[in-house]
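Shown next: entry.cif, containing mmCIF, C-alpha atoms.
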```cif
data_query
#
loop_
_atom_site.group_PDB
_atom_site.id
_atom_site.type_symbol
_atom_site.label_atom_id
_atom_site.label_comp_id
_atom_site.auth_asym_id
_atom_site.auth_seq_id
_atom_site.Cartn_x
_atom_site.Cartn_y
_atom_site.Cartn_z
ATOM 1 C CA MET A 216 -59.603 14.995 -16.003
ATOM 2 C CA LYS A 217 -56.702 16.588 -14.114
ATOM 3 C CA LYS A 218 -54.756 17.224 -17.373
ATOM 4 C CA PHE A 219 -57.810 18.838 -18.935
ATOM 5 C CA VAL A 220 -58.238 21.276 -16.008
ATOM 6 C CA ILE A 221 -54.525 22.155 -16.034
ATOM 7 C CA GLY A 222 -54.637 22.695 -19.806
ATOM 8 C CA ILE A 223 -57.634 25.026 -19.534
ATOM 9 C CA ALA A 224 -55.918 26.918 -16.673
ATOM 10 C CA VAL A 225 -52.726 27.392 -18.714
ATOM 11 C CA ILE A 226 -54.674 28.651 -21.737
ATOM 12 C CA GLY A 227 -56.683 31.012 -19.534
ATOM 13 C CA ILE A 228 -53.556 32.440 -17.910
ATOM 14 C CA TYR A 229 -51.976 32.913 -21.349
ATOM 15 C CA LEU A 230 -55.038 34.780 -22.629
ATOM 16 C CA ILE A 231 -55.182 37.042 -19.575
ATOM 17 C CA TYR A 232 -51.457 37.750 -19.861
ATOM 18 C CA SER A 233 -51.758 38.541 -23.598
ATOM 19 C CA ILE A 234 -54.639 40.940 -23.059
ATOM 20 C CA GLY A 235 -52.782 42.654 -20.221
ATOM 21 C CA ILE A 236 -49.636 43.133 -22.303
ATOM 22 C CA ARG A 237 -51.589 44.551 -25.240
ATOM 23 C CA HIS A 238 -53.193 47.200 -23.032
ATOM 24 C CA THR A 239 -49.987 48.248 -21.276
ATOM 25 C CA ASN A 240 -47.809 48.517 -24.385
ATOM 26 C CA PRO A 241 -49.895 49.643 -27.368
ATOM 27 C CA ILE A 242 -48.238 49.878 -30.750
ATOM 28 C CA LEU A 243 -47.922 53.438 -31.976
ATOM 29 C CA PRO A 244 -47.821 54.301 -35.640
ATOM 30 C CA ILE A 245 -44.648 56.009 -36.833
ATOM 31 C CA PRO A 246 -45.375 59.622 -37.774
ATOM 32 C CA SER A 247 -45.803 60.039 -41.527
ATOM 33 C CA SER A 248 -43.170 62.751 -41.605
ATOM 34 C CA LEU A 249 -40.610 60.210 -40.373
ATOM 35 C CA ALA A 250 -41.890 57.049 -42.025
ATOM 36 C CA ASN A 251 -40.538 58.102 -45.407
ATOM 37 C CA ALA A 252 -36.932 58.452 -44.286
ATOM 38 C CA LYS A 253 -34.364 58.248 -47.046
ATOM 39 C CA THR A 254 -31.024 56.556 -46.654
ATOM 40 C CA LYS A 255 -27.859 57.700 -48.265
ATOM 41 C CA SER A 256 -24.310 56.592 -47.880
ATOM 42 C CA SER A 257 -21.490 58.871 -46.950
ATOM 43 C CA GLY A 258 -17.902 58.683 -48.130
ATOM 44 C CA SER A 259 -16.902 56.460 -45.217
ATOM 45 C CA GLY A 260 -19.412 53.772 -46.190
ATOM 46 C CA SER A 261 -21.884 54.291 -43.355
ATOM 47 C CA THR A 262 -25.563 54.872 -43.999
ATOM 48 C CA THR A 263 -27.572 57.662 -42.491
ATOM 49 C CA ALA A 264 -31.293 58.355 -42.382
ATOM 50 C CA ALA A 265 -32.840 61.775 -42.788
ATOM 51 C CA ALA A 266 -36.425 62.863 -42.384
ATOM 52 C CA THR A 267 -37.628 63.968 -45.791
ATOM 53 C CA SER A 268 -40.100 66.473 -44.467
ATOM 54 C CA SER A 269 -37.484 68.907 -43.262
ATOM 55 C CA SER A 270 -34.202 70.175 -44.524
ATOM 56 C CA THR A 271 -31.632 72.616 -43.366
ATOM 57 C CA THR A 272 -29.570 74.668 -45.780
ATOM 58 C CA SER A 273 -27.215 77.539 -45.224
ATOM 59 C CA GLY A 274 -29.644 80.069 -46.699
ATOM 60 C CA SER A 275 -33.045 78.887 -45.507
ATOM 61 C CA SER A 276 -34.395 76.269 -43.169
ATOM 62 C CA SER A 277 -37.602 74.613 -42.139
ATOM 63 C CA SER A 278 -38.438 72.515 -39.118
ATOM 64 C CA ALA A 279 -40.288 69.204 -39.092
ATOM 65 C CA SER A 280 -41.871 69.941 -35.758
ATOM 66 C CA GLY A 281 -44.799 72.134 -34.964
ATOM 67 C CA SER A 282 -45.598 70.518 -31.638
ATOM 68 C CA SER A 283 -43.974 73.066 -29.387
ATOM 69 C CA SER A 284 -41.598 75.947 -29.563
ATOM 70 C CA ALA A 285 -38.410 76.266 -27.603
ATOM 71 C CA ALA A 286 -36.250 79.231 -26.875
ATOM 72 C CA SER A 287 -32.875 79.538 -28.482
ATOM 73 C CA SER A 288 -29.969 81.041 -26.692
ATOM 74 C CA GLN A 289 -26.845 82.138 -28.461
ATOM 75 C CA SER A 290 -23.602 82.374 -26.561
ATOM 76 C CA SER A 291 -21.964 84.312 -29.387
ATOM 77 C CA SER A 292 -22.856 85.316 -32.902
ATOM 78 C CA LYS A 293 -19.463 85.909 -34.493
ATOM 79 C CA PRO A 294 -19.216 84.940 -38.147
ATOM 80 C CA SER A 295 -17.434 81.715 -38.951
ATOM 81 C CA SER A 296 -16.336 79.846 -42.019
ATOM 82 C CA GLY A 297 -18.447 76.763 -41.184
ATOM 83 C CA LYS A 298 -21.977 75.732 -41.984
ATOM 84 C CA TYR A 299 -23.616 77.153 -38.835
ATOM 85 C CA LYS A 300 -23.386 80.332 -36.746
ATOM 86 C CA ASP A 301 -21.508 79.894 -33.489
ATOM 87 C CA GLY A 302 -23.636 79.648 -30.369
ATOM 88 C CA THR A 303 -25.844 77.345 -28.344
ATOM 89 C CA TYR A 304 -29.209 76.458 -29.844
ATOM 90 C CA THR A 305 -32.093 74.700 -28.104
ATOM 91 C CA GLY A 306 -34.388 72.461 -30.114
ATOM 92 C CA ALA A 307 -38.111 71.944 -29.733
ATOM 93 C CA THR A 308 -39.463 69.509 -27.170
ATOM 94 C CA GLU A 309 -40.595 66.397 -29.055
ATOM 95 C CA ASN A 310 -42.804 63.524 -27.914
ATOM 96 C CA ALA A 311 -41.024 60.163 -27.785
ATOM 97 C CA TYR A 312 -44.101 58.263 -26.505
ATOM 98 C CA TYR A 313 -42.538 57.331 -23.141
ATOM 99 C CA GLY A 314 -41.420 60.894 -22.493
ATOM 100 C CA ASN A 315 -40.134 64.022 -24.191
ATOM 101 C CA VAL A 316 -36.836 64.615 -25.924
ATOM 102 C CA GLN A 317 -35.190 68.018 -26.166
ATOM 103 C CA VAL A 318 -31.630 68.703 -27.241
ATOM 104 C CA SER A 319 -29.242 71.620 -27.152
ATOM 105 C CA VAL A 320 -26.573 72.004 -29.840
ATOM 106 C CA VAL A 321 -23.294 73.829 -29.309
ATOM 107 C CA VAL A 322 -21.758 75.231 -32.492
ATOM 108 C CA SER A 323 -18.143 76.329 -32.426
ATOM 109 C CA GLY A 324 -16.131 77.374 -35.456
ATOM 110 C CA GLY A 325 -19.174 76.776 -37.649
ATOM 111 C CA ARG A 326 -19.253 73.089 -36.712
ATOM 112 C CA ILE A 327 -21.351 71.118 -34.239
ATOM 113 C CA SER A 328 -19.069 70.619 -31.249
ATOM 114 C CA ASP A 329 -21.501 69.178 -28.691
ATOM 115 C CA VAL A 330 -25.051 67.861 -28.352
ATOM 116 C CA LYS A 331 -26.695 67.826 -24.935
ATOM 117 C CA PHE A 332 -29.905 66.072 -23.952
ATOM 118 C CA LEU A 333 -31.999 68.505 -21.934
ATOM 119 C CA GLN A 334 -34.929 66.069 -21.677
ATOM 120 C CA TYR A 335 -35.243 62.373 -22.428
ATOM 121 C CA PRO A 336 -37.590 59.543 -21.385
ATOM 122 C CA ASN A 337 -36.491 58.499 -17.900
ATOM 123 C CA SER A 338 -39.660 57.684 -15.963
ATOM 124 C CA HIS A 339 -39.334 53.885 -16.338
ATOM 125 C CA SER A 340 -36.287 51.752 -15.634
ATOM 126 C CA THR A 341 -36.511 50.305 -19.145
ATOM 127 C CA SER A 342 -36.488 53.798 -20.667
ATOM 128 C CA VAL A 343 -33.453 54.747 -18.604
ATOM 129 C CA TYR A 344 -31.590 51.608 -19.709
ATOM 130 C CA ILE A 345 -32.475 52.038 -23.395
ATOM 131 C CA ASN A 346 -31.594 55.733 -23.450
ATOM 132 C CA GLN A 347 -28.287 55.196 -21.645
ATOM 133 C CA GLN A 348 -27.388 52.956 -24.582
ATOM 134 C CA ALA A 349 -28.850 55.072 -27.397
ATOM 135 C CA MET A 350 -27.967 58.663 -26.429
ATOM 136 C CA PRO A 351 -24.167 58.327 -26.827
ATOM 137 C CA TYR A 352 -24.653 56.809 -30.295
ATOM 138 C CA LEU A 353 -27.040 59.573 -31.374
ATOM 139 C CA LYS A 354 -24.585 62.203 -30.146
ATOM 140 C CA GLN A 355 -21.646 60.505 -31.883
ATOM 141 C CA GLU A 356 -23.559 60.199 -35.173
ATOM 142 C CA THR A 357 -24.486 63.887 -35.028
ATOM 143 C CA LEU A 358 -20.891 64.957 -34.452
ATOM 144 C CA GLN A 359 -19.719 62.775 -37.342
ATOM 145 C CA ALA A 360 -22.474 63.841 -39.748
ATOM 146 C CA GLN A 361 -22.372 67.524 -38.709
ATOM 147 C CA SER A 362 -26.121 67.610 -39.399
ATOM 148 C CA ALA A 363 -29.400 66.058 -38.285
ATOM 149 C CA ASN A 364 -29.039 63.329 -40.917
ATOM 150 C CA VAL A 365 -28.363 60.575 -38.410
ATOM 151 C CA GLN A 366 -29.362 56.947 -38.309
ATOM 152 C CA SER A 367 -32.066 55.908 -35.850
ATOM 153 C CA ILE A 368 -31.126 53.418 -33.152
ATOM 154 C CA THR A 369 -32.879 50.058 -33.216
ATOM 155 C CA GLY A 370 -34.663 49.516 -29.913
ATOM 156 C CA ALA A 371 -34.880 53.256 -29.286
ATOM 157 C CA THR A 372 -36.915 54.173 -32.346
ATOM 158 C CA PHE A 373 -39.221 56.739 -30.741
ATOM 159 C CA THR A 374 -36.336 58.398 -28.895
ATOM 160 C CA SER A 375 -34.319 58.484 -32.133
ATOM 161 C CA TYR A 376 -37.111 60.085 -34.147
ATOM 162 C CA ALA A 377 -37.797 62.662 -31.428
ATOM 163 C CA PHE A 378 -34.039 63.367 -31.199
ATOM 164 C CA ILE A 379 -33.833 63.936 -34.966
ATOM 165 C CA GLN A 380 -36.825 66.307 -34.905
ATOM 166 C CA SER A 381 -35.472 68.318 -31.967
ATOM 167 C CA LEU A 382 -32.026 68.416 -33.579
ATOM 168 C CA HIS A 383 -33.538 69.665 -36.850
ATOM 169 C CA SER A 384 -35.297 72.515 -35.046
ATOM 170 C CA ALA A 385 -32.119 73.480 -33.174
ATOM 171 C CA LEU A 386 -29.980 73.460 -36.319
ATOM 172 C CA ALA A 387 -32.603 75.468 -38.189
ATOM 173 C CA LYS A 388 -31.861 78.303 -35.756
ATOM 174 C CA ALA A 389 -28.110 78.020 -36.315
#
```

Could you quickly redo this structure as structure tokens?
Amino acid sequence: MKKFVIGIAVIGIYLIYSIGIRHTNPILPIPSSLANAKTKSSGSGSTTAAATSSSTTSGSSSSASGSSSAASSQSSSKPSSGKYKDGTYTGATENAYYGNVQVSVVVSGGRISDVKFLQYPNSHSTSVYINQQAMPYLKQETLQAQSANVQSITGATFTSYAFIQSLHSALAKA
């Protein structure tokens, strides 16, 4: 009889725990604009992912985000031989489920020289830990790719997608 009561108690605790977890961490669907990401390989052998719904070219550009607009500030607008106009460009604020992501891109000599996170999810200790790991990789990939065609970081999927969208909107202004 004692084993039966303990067994029922363990099953009950498991069910309560499972229901509680499901309500505190719901699964979000990946936005359709990002779900169809293409992969391509670069000359160095690494793969990168790009959102297919937006592209940036030297003549015209379109942004994948319509969620909010952000101001762009240019530190200088001198012509350069690179892909982008020199200056500092601020991307749109994008929802990363646990918080917002907004980036600023510094272009120097027509090339992306720096990426700064103006906003990122930091309200939970887990978000802080994950983003401390992911943000340097996202920045490094951007500097290597010289575009928003960067690979998302496993474990920081929502932050990665929001980063890519904000980066696209910033580079569209460049």

* To do: Write out as a list of chain:residue names each polymer residue whose atoms come within 9 Å of segment 375-379 of chain A, counting only C-alpha atoms; drop sequence neighbours fewer than 4 positions from it.
  =>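 Skipping anything fewer than 4 positions along the chain leaves A:Ile245, A:Leu249, A:Ala265, A:Ala266, A:Thr308, A:Glu309, A:Asn310, A:Ala311, A:Asn315, A:Val316, A:Gln317, A:Val318, A:Phe332, A:Tyr335, A:Ala349, A:Met350, A:Leu353, A:Ala363, A:Asn364, A:Val365, A:Gln366, A:Ser367, A:Ile368, A:Thr369, A:Ala371, A:His383, A:Ser384.
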
* Asked: Restricting the calculation to all atoms listed in the file, which member of A:Ser342, A:Gln380, A:Thr303, A:Ser328 is positioned closest to Thr357 of chain A?
  ->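 Smallest separation from Thr357 of chain A among the options: A:Ser328.
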
* Out of A:Pro351, A:Ile327, A:Tyr312, A:Ser340, which residue has the shortest atom-to-atom distance to Thr374 of chain A when counting only C-alpha atoms? ->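 Result for the nearest residue to Thr374 of chain A: A:Tyr312.
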
* Go ahead and compute the interatomic distance for atom CA of Ser362 of chain A and atom CA of Leu382 of chain A, in Å to one decimal. => 8.3 Å

* Using only C-alpha atoms: which of A:Asn346, A:Asn337, A:Gln355, A:Ser319 has the shortest distance to Thr372 of chain A ->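 Among the listed residues, A:Asn346 lies closest to Thr372 of chain A.
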
* **Interatomic distance, atom CA of Ala307 of chain A to atom CA of Gly370 of chain A (Å, one decimal)** =>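 Distance reported for this atom pair: 22.7 Å.
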
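Between atom CA of Gln347 of chain A and atom CA of Gln359 of chain A the interatomic distance comes to 19.4 Å.
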